[in-house]
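Asks: My structure file input.pdb, PDB, C-alpha atoms, is below:
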```pdb
ATOM      1  CA  MET A  27     -51.646 -79.490  25.098
ATOM      2  CA  ALA A  28     -54.245 -76.794  25.594
ATOM      3  CA  VAL A  29     -57.203 -75.288  23.825
ATOM      4  CA  TYR A  30     -57.896 -71.681  24.738
ATOM      5  CA  LEU A  31     -61.454 -70.452  24.150
ATOM      6  CA  VAL A  32     -61.386 -66.653  23.989
ATOM      7  CA  ARG A  33     -64.538 -64.580  23.923
ATOM      8  CA  HIS A  34     -63.997 -61.485  21.827
ATOM      9  CA  ALA A  35     -63.101 -58.356  23.737
ATOM     10  CA  GLU A  36     -65.527 -55.504  24.358
ATOM     11  CA  ALA A  37     -66.963 -54.214  21.072
ATOM     12  CA  ILE A  38     -68.861 -51.055  20.284
ATOM     13  CA  PRO A  39     -72.600 -51.571  20.925
ATOM     14  CA  ARG A  40     -74.833 -53.196  18.318
ATOM     15  CA  HIS A  41     -77.507 -50.558  18.659
ATOM     16  CA  GLY A  42     -76.677 -47.537  16.590
ATOM     17  CA  TYR A  43     -74.093 -49.397  14.498
ATOM     18  CA  ASP A  44     -75.383 -49.180  10.920
ATOM     19  CA  GLN A  45     -72.809 -51.395   9.162
ATOM     20  CA  PRO A  46     -72.953 -55.200   8.887
ATOM     21  CA  ASP A  47     -72.523 -56.756  12.318
ATOM     22  CA  LEU A  48     -69.495 -58.764  11.161
ATOM     23  CA  GLU A  49     -67.707 -55.432  10.707
ATOM     24  CA  ARG A  50     -68.444 -54.124  14.219
ATOM     25  CA  PRO A  51     -65.083 -53.189  15.773
ATOM     26  CA  LEU A  52     -63.723 -53.264  19.281
ATOM     27  CA  SER A  53     -64.324 -50.404  21.665
ATOM     28  CA  PRO A  54     -61.318 -48.587  23.157
ATOM     29  CA  LEU A  55     -61.605 -50.898  26.213
ATOM     30  CA  GLY A  56     -61.725 -53.902  23.881
ATOM     31  CA  THR A  57     -58.563 -52.764  22.136
ATOM     32  CA  GLU A  58     -56.836 -52.556  25.532
ATOM     33  CA  GLN A  59     -58.107 -56.044  26.410
ATOM     34  CA  ALA A  60     -56.821 -57.430  23.097
ATOM     35  CA  ASP A  61     -53.391 -55.888  23.608
ATOM     36  CA  ALA A  62     -53.281 -57.271  27.169
ATOM     37  CA  LEU A  63     -53.849 -60.829  25.922
ATOM     38  CA  VAL A  64     -50.230 -60.858  24.764
ATOM     39  CA  GLU A  65     -49.022 -60.566  28.362
ATOM     40  CA  LEU A  66     -51.757 -62.867  29.691
ATOM     41  CA  PHE A  67     -50.468 -65.654  27.448
ATOM     42  CA  THR A  68     -46.840 -65.215  28.538
ATOM     43  CA  GLY A  69     -45.506 -68.630  29.469
ATOM     44  CA  HIS A  70     -48.228 -70.466  27.531
ATOM     45  CA  ASP A  71     -47.550 -72.131  24.214
ATOM     46  CA  VAL A  72     -49.661 -71.079  21.253
ATOM     47  CA  GLY A  73     -49.124 -72.829  17.945
ATOM     48  CA  ARG A  74     -52.210 -71.676  16.089
ATOM     49  CA  VAL A  75     -54.880 -68.962  16.327
ATOM     50  CA  LEU A  76     -58.341 -69.496  14.803
ATOM     51  CA  THR A  77     -61.045 -66.867  14.891
ATOM     52  CA  SER A  78     -64.548 -66.013  13.808
ATOM     53  CA  ARG A  79     -64.628 -63.783  10.731
ATOM     54  CA  ALA A  80     -66.174 -61.001  12.819
ATOM     55  CA  VAL A  81     -63.836 -58.020  13.022
ATOM     56  CA  ARG A  82     -64.267 -57.871  16.799
ATOM     57  CA  CYS A  83     -62.956 -61.445  17.119
ATOM     58  CA  TRP A  84     -60.103 -61.027  14.675
ATOM     59  CA  ARG A  85     -58.956 -57.820  16.371
ATOM     60  CA  THR A  86     -59.136 -59.521  19.775
ATOM     61  CA  VAL A  87     -56.573 -62.189  18.886
ATOM     62  CA  GLN A  88     -54.542 -60.379  16.231
ATOM     63  CA  PRO A  89     -52.063 -58.808  18.709
ATOM     64  CA  LEU A  90     -51.436 -62.233  20.269
ATOM     65  CA  ALA A  91     -51.032 -63.880  16.868
ATOM     66  CA  HIS A  92     -48.660 -61.122  15.762
ATOM     67  CA  ALA A  93     -46.587 -61.442  18.948
ATOM     68  CA  ARG A  94     -46.242 -65.191  18.279
ATOM     69  CA  ASP A  95     -45.462 -64.683  14.572
ATOM     70  CA  LEU A  96     -48.688 -66.463  13.616
ATOM     71  CA  ASP A  97     -51.653 -65.604  11.427
ATOM     72  CA  ALA A  98     -55.112 -65.216  12.942
ATOM     73  CA  GLU A  99     -56.891 -67.715  10.700
ATOM     74  CA  PRO A 100     -60.623 -67.242  10.026
ATOM     75  CA  ASP A 101     -62.802 -70.285  10.683
ATOM     76  CA  ASP A 102     -66.522 -70.095   9.924
ATOM     77  CA  ARG A 103     -67.310 -72.640  12.649
ATOM     78  CA  LEU A 104     -66.499 -69.938  15.222
ATOM     79  CA  THR A 105     -68.948 -67.368  13.802
ATOM     80  CA  GLU A 106     -71.872 -66.140  15.864
ATOM     81  CA  GLY A 107     -74.886 -68.405  15.386
ATOM     82  CA  SER A 108     -72.809 -71.395  14.286
ATOM     83  CA  SER A 109     -73.653 -74.979  15.157
ATOM     84  CA  ILE A 110     -72.516 -75.763  18.689
ATOM     85  CA  GLU A 111     -71.756 -79.327  17.616
ATOM     86  CA  ASN A 112     -69.402 -78.030  14.896
ATOM     87  CA  VAL A 113     -67.590 -75.811  17.400
ATOM     88  CA  LEU A 114     -67.361 -78.698  19.861
ATOM     89  CA  GLY A 115     -65.886 -80.793  17.036
ATOM     90  CA  LEU A 116     -63.297 -78.078  16.408
ATOM     91  CA  VAL A 117     -62.392 -78.027  20.122
ATOM     92  CA  VAL A 118     -62.069 -81.819  20.223
ATOM     93  CA  ASP A 119     -60.012 -81.905  17.016
ATOM     94  CA  SER A 120     -57.736 -79.133  18.379
ATOM     95  CA  ARG A 121     -56.978 -80.714  21.759
ATOM     96  CA  ASP A 122     -53.636 -82.131  20.572
ATOM     97  CA  ALA A 123     -52.246 -78.696  19.682
ATOM     98  CA  ASP A 124     -51.878 -75.473  21.636
ATOM     99  CA  VAL A 125     -54.554 -73.473  19.853
ATOM    100  CA  VAL A 126     -56.493 -70.286  20.539
ATOM    101  CA  LEU A 127     -60.108 -70.235  19.325
ATOM    102  CA  CYS A 128     -61.853 -66.845  19.407
ATOM    103  CA  SER A 129     -65.638 -66.787  19.253
ATOM    104  CA  HIS A 130     -68.799 -65.218  20.655
ATOM    105  CA  GLY A 131     -70.979 -65.177  23.750
ATOM    106  CA  ASP A 132     -73.671 -67.315  22.113
ATOM    107  CA  ILE A 133     -71.156 -70.064  21.314
ATOM    108  CA  ILE A 134     -68.651 -70.444  24.143
ATOM    109  CA  PRO A 135     -70.997 -71.080  27.120
ATOM    110  CA  ASP A 136     -72.935 -73.719  25.151
ATOM    111  CA  VAL A 137     -69.737 -75.511  24.136
ATOM    112  CA  LEU A 138     -68.586 -75.426  27.761
ATOM    113  CA  ARG A 139     -71.907 -76.891  28.948
ATOM    114  CA  LEU A 140     -71.500 -79.769  26.490
ATOM    115  CA  LEU A 141     -67.970 -80.360  27.760
ATOM    116  CA  ALA A 142     -69.280 -80.388  31.345
ATOM    117  CA  LEU A 143     -71.770 -83.077  30.343
ATOM    118  CA  ARG A 144     -68.829 -85.116  29.014
ATOM    119  CA  GLY A 145     -67.079 -84.936  32.379
ATOM    120  CA  VAL A 146     -64.776 -81.928  32.069
ATOM    121  CA  SER A 147     -64.140 -80.406  35.509
ATOM    122  CA  PHE A 148     -64.633 -76.608  35.756
ATOM    123  CA  ASP A 149     -63.218 -74.147  38.287
ATOM    124  CA  ARG A 150     -66.189 -71.816  37.648
ATOM    125  CA  PRO A 151     -69.674 -72.359  36.242
ATOM    126  CA  PRO A 152     -69.434 -73.018  32.471
ATOM    127  CA  SER A 153     -71.793 -70.100  31.879
ATOM    128  CA  THR A 154     -69.046 -67.683  32.997
ATOM    129  CA  CYS A 155     -67.934 -65.894  29.851
ATOM    130  CA  ALA A 156     -67.192 -62.173  30.123
ATOM    131  CA  LYS A 157     -66.079 -60.285  27.039
ATOM    132  CA  GLY A 158     -62.320 -60.629  26.706
ATOM    133  CA  SER A 159     -62.165 -63.706  28.944
ATOM    134  CA  THR A 160     -60.437 -67.007  28.208
ATOM    135  CA  TRP A 161     -61.148 -70.606  29.145
ATOM    136  CA  LEU A 162     -58.076 -72.835  29.283
ATOM    137  CA  LEU A 163     -59.139 -76.375  28.363
ATOM    138  CA  GLU A 164     -56.810 -79.279  29.049
ATOM    139  CA  LEU A 165     -58.530 -82.287  27.528
ATOM    140  CA  ASP A 166     -57.505 -85.918  27.185
ATOM    141  CA  ASP A 167     -58.371 -88.485  24.533
ATOM    142  CA  GLU A 168     -61.754 -89.180  26.108
ATOM    143  CA  VAL A 169     -62.516 -85.429  25.992
ATOM    144  CA  THR A 170     -62.428 -85.165  29.754
ATOM    145  CA  GLY A 171     -60.067 -83.013  31.733
ATOM    146  CA  THR A 172     -60.121 -79.568  33.260
ATOM    147  CA  ALA A 173     -61.269 -76.081  32.358
ATOM    148  CA  ARG A 174     -59.868 -72.997  34.058
ATOM    149  CA  TYR A 175     -61.312 -69.516  33.674
ATOM    150  CA  TRP A 176     -59.143 -66.474  33.073
ATOM    151  CA  PRO A 177     -61.066 -63.224  33.544
ATOM    152  CA  PRO A 178     -60.617 -60.439  31.000
ATOM    153  CA  PRO A 179     -57.257 -58.714  31.310
ATOM    154  CA  GLY A 180     -57.519 -55.857  33.779
ATOM    155  CA  ASP A 181     -60.335 -57.409  35.829
TER     156      ASP A 181
END
```
Show me the file's structure as structure tokens.

Replies:
Amino acid sequence: MAVYLVRHAEAIPRHGYDQPDLERPLSPLGTEQADALVELFTGHDVGRVLTSRAVRCWRTVQPLAHARDLDAEPDDRLTEGSSIENVLGLVVDSRDADVVLCSHGDIIPDVLRLLALRGVSFDRPPSTCAKGSTWLLELDDEVTGTARYWPPPGD
């Protein structure tokens, strides 16, 4: 089974956006990245899609969820500024199901660093986390295993 950690695709910049940050949408490039995730996940099982409530996260994984006839389910643990321990708990609890978790750049690298401390083997430094990228985590019962980086679609 696999856990896929997806960083939301490219969003419009924070500066100059005068609405609540949770409502900040994807940029045109981000929309292309989100659409390309469908093809990127070809051949990989996905049984569930969980996402931060931020529009930019939801819109990143919504095309993939739709293509798999799934709902993109909001989960507050994936929201920007959330407790890293809570997100790590979600990852650990999800390791027995093929699940996509979409979150933010302040969350994913920290969760990956904690997994590295637990013995997970990485093909790139755990700090690698471009917008629109995915980490494929294959974890065992002891929460060890491997982590492979997929760059953003189109890179």

Asks: For the contact check between segment 104-173 of chain A and segment 37-45 of chain A, emit one row per residue of segment 104-173 of chain A within 12 Å, containing the shortest atom pair and the distance in Å rounded to one decimal, counting only C-alpha atoms, chain then rising number order, as CSV.

Replies:
```
residue,atom,partner,partner_atom,distance
A:His130,CA,A:Ala37,CA,11.2
A:Gly131,CA,A:Ala37,CA,12.0
A:Lys157,CA,A:Ala37,CA,8.6
A:Gly158,CA,A:Ala37,CA,9.7
```

Asks: Restricting the output to C-alpha atoms, write the selected residues as a CSV table (one decimal), in the coordinates of the input.

Replies:
```
chain,number,residue,atom,x,y,z
A,130,HIS,CA,-68.8,-65.2,20.7
A,131,GLY,CA,-71.0,-65.2,23.8
A,157,LYS,CA,-66.1,-60.3,27.0
A,158,GLY,CA,-62.3,-60.6,26.7
```

Asks: Given the file above and the PyMOL selection byres ((chain A and resi 71-83) around 10), which residues are selected, and can you give them as a ChimeraX atom specification?

Replies: /A:27-38,46-53,56-57,60,67-70,84-88,90-91,94-106,108,120,123-130,158

Asks: Compare A:Ala173, A:Leu114, A:Ala156, A:Ala142 by their minimum atom-to-atom distance to Gln59 of chain A, counting only C-alpha atoms, and give me the closest one.

Replies: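 Closest to Gln59 of chain A of all the choices is A:Ala156.
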
Asks: Point out the residue among A:Ala93, A:Leu55, A:Cys155, A:Gly171 with the least atom-to-atom distance to Leu141 of chain A, counting all atoms listed in the file.

Replies: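 Closest candidate: A:Gly171.
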
Asks: So which one's closest to Gly180 of chain A, A:Ile110, A:Ser159, A:Pro135, A:Asp166? Using only C-alpha atoms, please.

Replies: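 So, comparing all the options, the nearest one is A:Ser159.
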
Asks: Enter the distance from atom CA of Thr160 of chain A to atom CA of Trp176 of chain A, in Å, rounded to one decimal.

Replies: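 Taking atom CA of Thr160 of chain A and atom CA of Trp176 of chain A, their separation equals 5.1 Å.
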
Asks: Which one of A:Leu66, A:Leu138, A:Leu143, A:Leu165 sits closest to Val113 of chain A if you count all atoms listed in the file?

Replies: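 Nearest candidate to Val113 of chain A out of A:Leu66, A:Leu138, A:Leu143, A:Leu165: A:Leu138.
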
Asks: To one decimal in Å, tell me the separation between atom CA of Tyr175 of chain A and atom CA of Trp161 of chain A.

Replies: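 Answer for the atom CA of Tyr175 of chain A to atom CA of Trp161 of chain A separation: 4.7 Å.
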
Asks: Pick the closest to Ala62 of chain A from A:Asp181, A:Gly107, A:Leu163, A:Phe148: which is it, counting all atoms listed in the file?

Replies: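 The shortest atom-to-atom distance to Ala62 of chain A comes from A:Asp181.
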
Asks: Hey, can you check how far atom CA of Glu111 of chain A sits from atom CA of Pro177 of chain A?

Replies: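 Answer for the atom CA of Glu111 of chain A to atom CA of Pro177 of chain A separation: 25.0 Å.
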
Asks: Could you expand the PyMOL selection byres ((chain A and resi 153) around 9) into the explicit residues it covers here, written as a ChimeraX atom specification?

Replies: /A:134-136,138-139,150-152,154-155

Asks: Would you fill out segment 118-151 of chain A with N, CA and C atoms and return it as a JSON list (two decimals), in the frame of the given file?

Replies:
```
[["chain", "number", "residue", "atom", "x", "y", "z"],
["A", 118, "VAL", "N", -62.56, -80.44, 20.06],
["A", 118, "VAL", "CA", -62.07, -81.82, 20.22],
["A", 118, "VAL", "C", -60.92, -82.09, 19.26],
["A", 119, "ASP", "N", -61.06, -81.68, 18.01],
["A", 119, "ASP", "CA", -60.01, -81.90, 17.02],
["A", 119, "ASP", "C", -58.74, -81.11, 17.32],
["A", 120, "SER", "N", -58.87, -80.02, 18.09],
["A", 120, "SER", "CA", -57.74, -79.13, 18.38],
["A", 120, "SER", "C", -57.02, -79.49, 19.67],
["A", 121, "ARG", "N", -57.51, -80.46, 20.42],
["A", 121, "ARG", "CA", -56.98, -80.71, 21.76],
["A", 121, "ARG", "C", -55.54, -81.23, 21.77],
["A", 122, "ASP", "N", -55.01, -81.64, 20.62],
["A", 122, "ASP", "CA", -53.64, -82.13, 20.57],
["A", 122, "ASP", "C", -52.65, -81.06, 20.13],
["A", 123, "ALA", "N", -53.11, -79.82, 20.07],
["A", 123, "ALA", "CA", -52.25, -78.70, 19.68],
["A", 123, "ALA", "C", -52.59, -77.51, 20.56],
["A", 124, "ASP", "N", -51.62, -76.68, 20.85],
["A", 124, "ASP", "CA", -51.88, -75.47, 21.64],
["A", 124, "ASP", "C", -52.51, -74.44, 20.72],
["A", 125, "VAL", "N", -53.82, -74.31, 20.80],
["A", 125, "VAL", "CA", -54.55, -73.47, 19.85],
["A", 125, "VAL", "C", -55.48, -72.51, 20.59],
["A", 126, "VAL", "N", -55.56, -71.30, 20.06],
["A", 126, "VAL", "CA", -56.49, -70.29, 20.54],
["A", 126, "VAL", "C", -57.67, -70.26, 19.57],
["A", 127, "LEU", "N", -58.88, -70.33, 20.12],
["A", 127, "LEU", "CA", -60.11, -70.24, 19.32],
["A", 127, "LEU", "C", -60.89, -69.03, 19.84],
["A", 128, "CYS", "N", -61.13, -68.05, 18.99],
["A", 128, "CYS", "CA", -61.85, -66.84, 19.41],
["A", 128, "CYS", "C", -63.25, -66.86, 18.81],
["A", 129, "SER", "N", -64.25, -66.72, 19.70],
["A", 129, "SER", "CA", -65.64, -66.79, 19.25],
["A", 129, "SER", "C", -66.50, -65.81, 20.05],
["A", 130, "HIS", "N", -67.77, -66.14, 20.16],
["A", 130, "HIS", "CA", -68.80, -65.22, 20.66],
["A", 130, "HIS", "C", -69.51, -65.75, 21.89],
["A", 131, "GLY", "N", -70.24, -64.85, 22.53],
["A", 131, "GLY", "CA", -70.98, -65.18, 23.75],
["A", 131, "GLY", "C", -72.14, -66.11, 23.56],
["A", 132, "ASP", "N", -72.60, -66.33, 22.33],
["A", 132, "ASP", "CA", -73.67, -67.32, 22.11],
["A", 132, "ASP", "C", -73.10, -68.71, 21.85],
["A", 133, "ILE", "N", -71.81, -68.80, 21.66],
["A", 133, "ILE", "CA", -71.16, -70.06, 21.31],
["A", 133, "ILE", "C", -70.44, -70.67, 22.52],
["A", 134, "ILE", "N", -69.56, -69.90, 23.13],
["A", 134, "ILE", "CA", -68.65, -70.44, 24.14],
["A", 134, "ILE", "C", -69.37, -71.08, 25.33],
["A", 135, "PRO", "N", -70.35, -70.42, 25.97],
["A", 135, "PRO", "CA", -71.00, -71.08, 27.12],
["A", 135, "PRO", "C", -71.68, -72.40, 26.75],
["A", 136, "ASP", "N", -72.28, -72.47, 25.57],
["A", 136, "ASP", "CA", -72.94, -73.72, 25.15],
["A", 136, "ASP", "C", -71.92, -74.84, 24.92],
["A", 137, "VAL", "N", -70.79, -74.51, 24.33],
["A", 137, "VAL", "CA", -69.74, -75.51, 24.14],
["A", 137, "VAL", "C", -69.23, -75.99, 25.50],
["A", 138, "LEU", "N", -69.06, -75.06, 26.43],
["A", 138, "LEU", "CA", -68.59, -75.43, 27.76],
["A", 138, "LEU", "C", -69.59, -76.33, 28.48],
["A", 139, "ARG", "N", -70.88, -76.04, 28.33],
["A", 139, "ARG", "CA", -71.91, -76.89, 28.95],
["A", 139, "ARG", "C", -71.84, -78.32, 28.39],
["A", 140, "LEU", "N", -71.63, -78.44, 27.08],
["A", 140, "LEU", "CA", -71.50, -79.77, 26.49],
["A", 140, "LEU", "C", -70.26, -80.49, 27.03],
["A", 141, "LEU", "N", -69.18, -79.76, 27.19],
["A", 141, "LEU", "CA", -67.97, -80.36, 27.76],
["A", 141, "LEU", "C", -68.20, -80.80, 29.21],
["A", 142, "ALA", "N", -68.95, -80.01, 29.96],
["A", 142, "ALA", "CA", -69.28, -80.39, 31.34],
["A", 142, "ALA", "C", -70.07, -81.69, 31.37],
["A", 143, "LEU", "N", -70.99, -81.85, 30.43],
["A", 143, "LEU", "CA", -71.77, -83.08, 30.34],
["A", 143, "LEU", "C", -70.89, -84.28, 30.01],
["A", 144, "ARG", "N", -69.77, -84.03, 29.36],
["A", 144, "ARG", "CA", -68.83, -85.12, 29.01],
["A", 144, "ARG", "C", -67.85, -85.40, 30.14],
["A", 145, "GLY", "N", -67.93, -84.66, 31.23],
["A", 145, "GLY", "CA", -67.08, -84.94, 32.38],
["A", 145, "GLY", "C", -65.93, -83.99, 32.60],
["A", 146, "VAL", "N", -65.83, -82.91, 31.83],
["A", 146, "VAL", "CA", -64.78, -81.93, 32.07],
["A", 146, "VAL", "C", -65.07, -81.23, 33.39],
["A", 147, "SER", "N", -64.04, -81.04, 34.20],
["A", 147, "SER", "CA", -64.14, -80.41, 35.51],
["A", 147, "SER", "C", -63.85, -78.91, 35.37],
["A", 148, "PHE", "N", -64.74, -78.06, 35.89],
["A", 148, "PHE", "CA", -64.63, -76.61, 35.76],
["A", 148, "PHE", "C", -64.33, -75.95, 37.10],
["A", 149, "ASP", "N", -63.49, -74.90, 37.06],
["A", 149, "ASP", "CA", -63.22, -74.15, 38.29],
["A", 149, "ASP", "C", -64.24, -73.04, 38.53],
["A", 150, "ARG", "N", -65.08, -72.78, 37.55],
["A", 150, "ARG", "CA", -66.19, -71.82, 37.65],
["A", 150, "ARG", "C", -67.37, -72.40, 36.87],
["A", 151, "PRO", "N", -68.56, -71.86, 37.06],
["A", 151, "PRO", "CA", -69.67, -72.36, 36.24],
["A", 151, "PRO", "C", -69.38, -72.15, 34.75]]
```
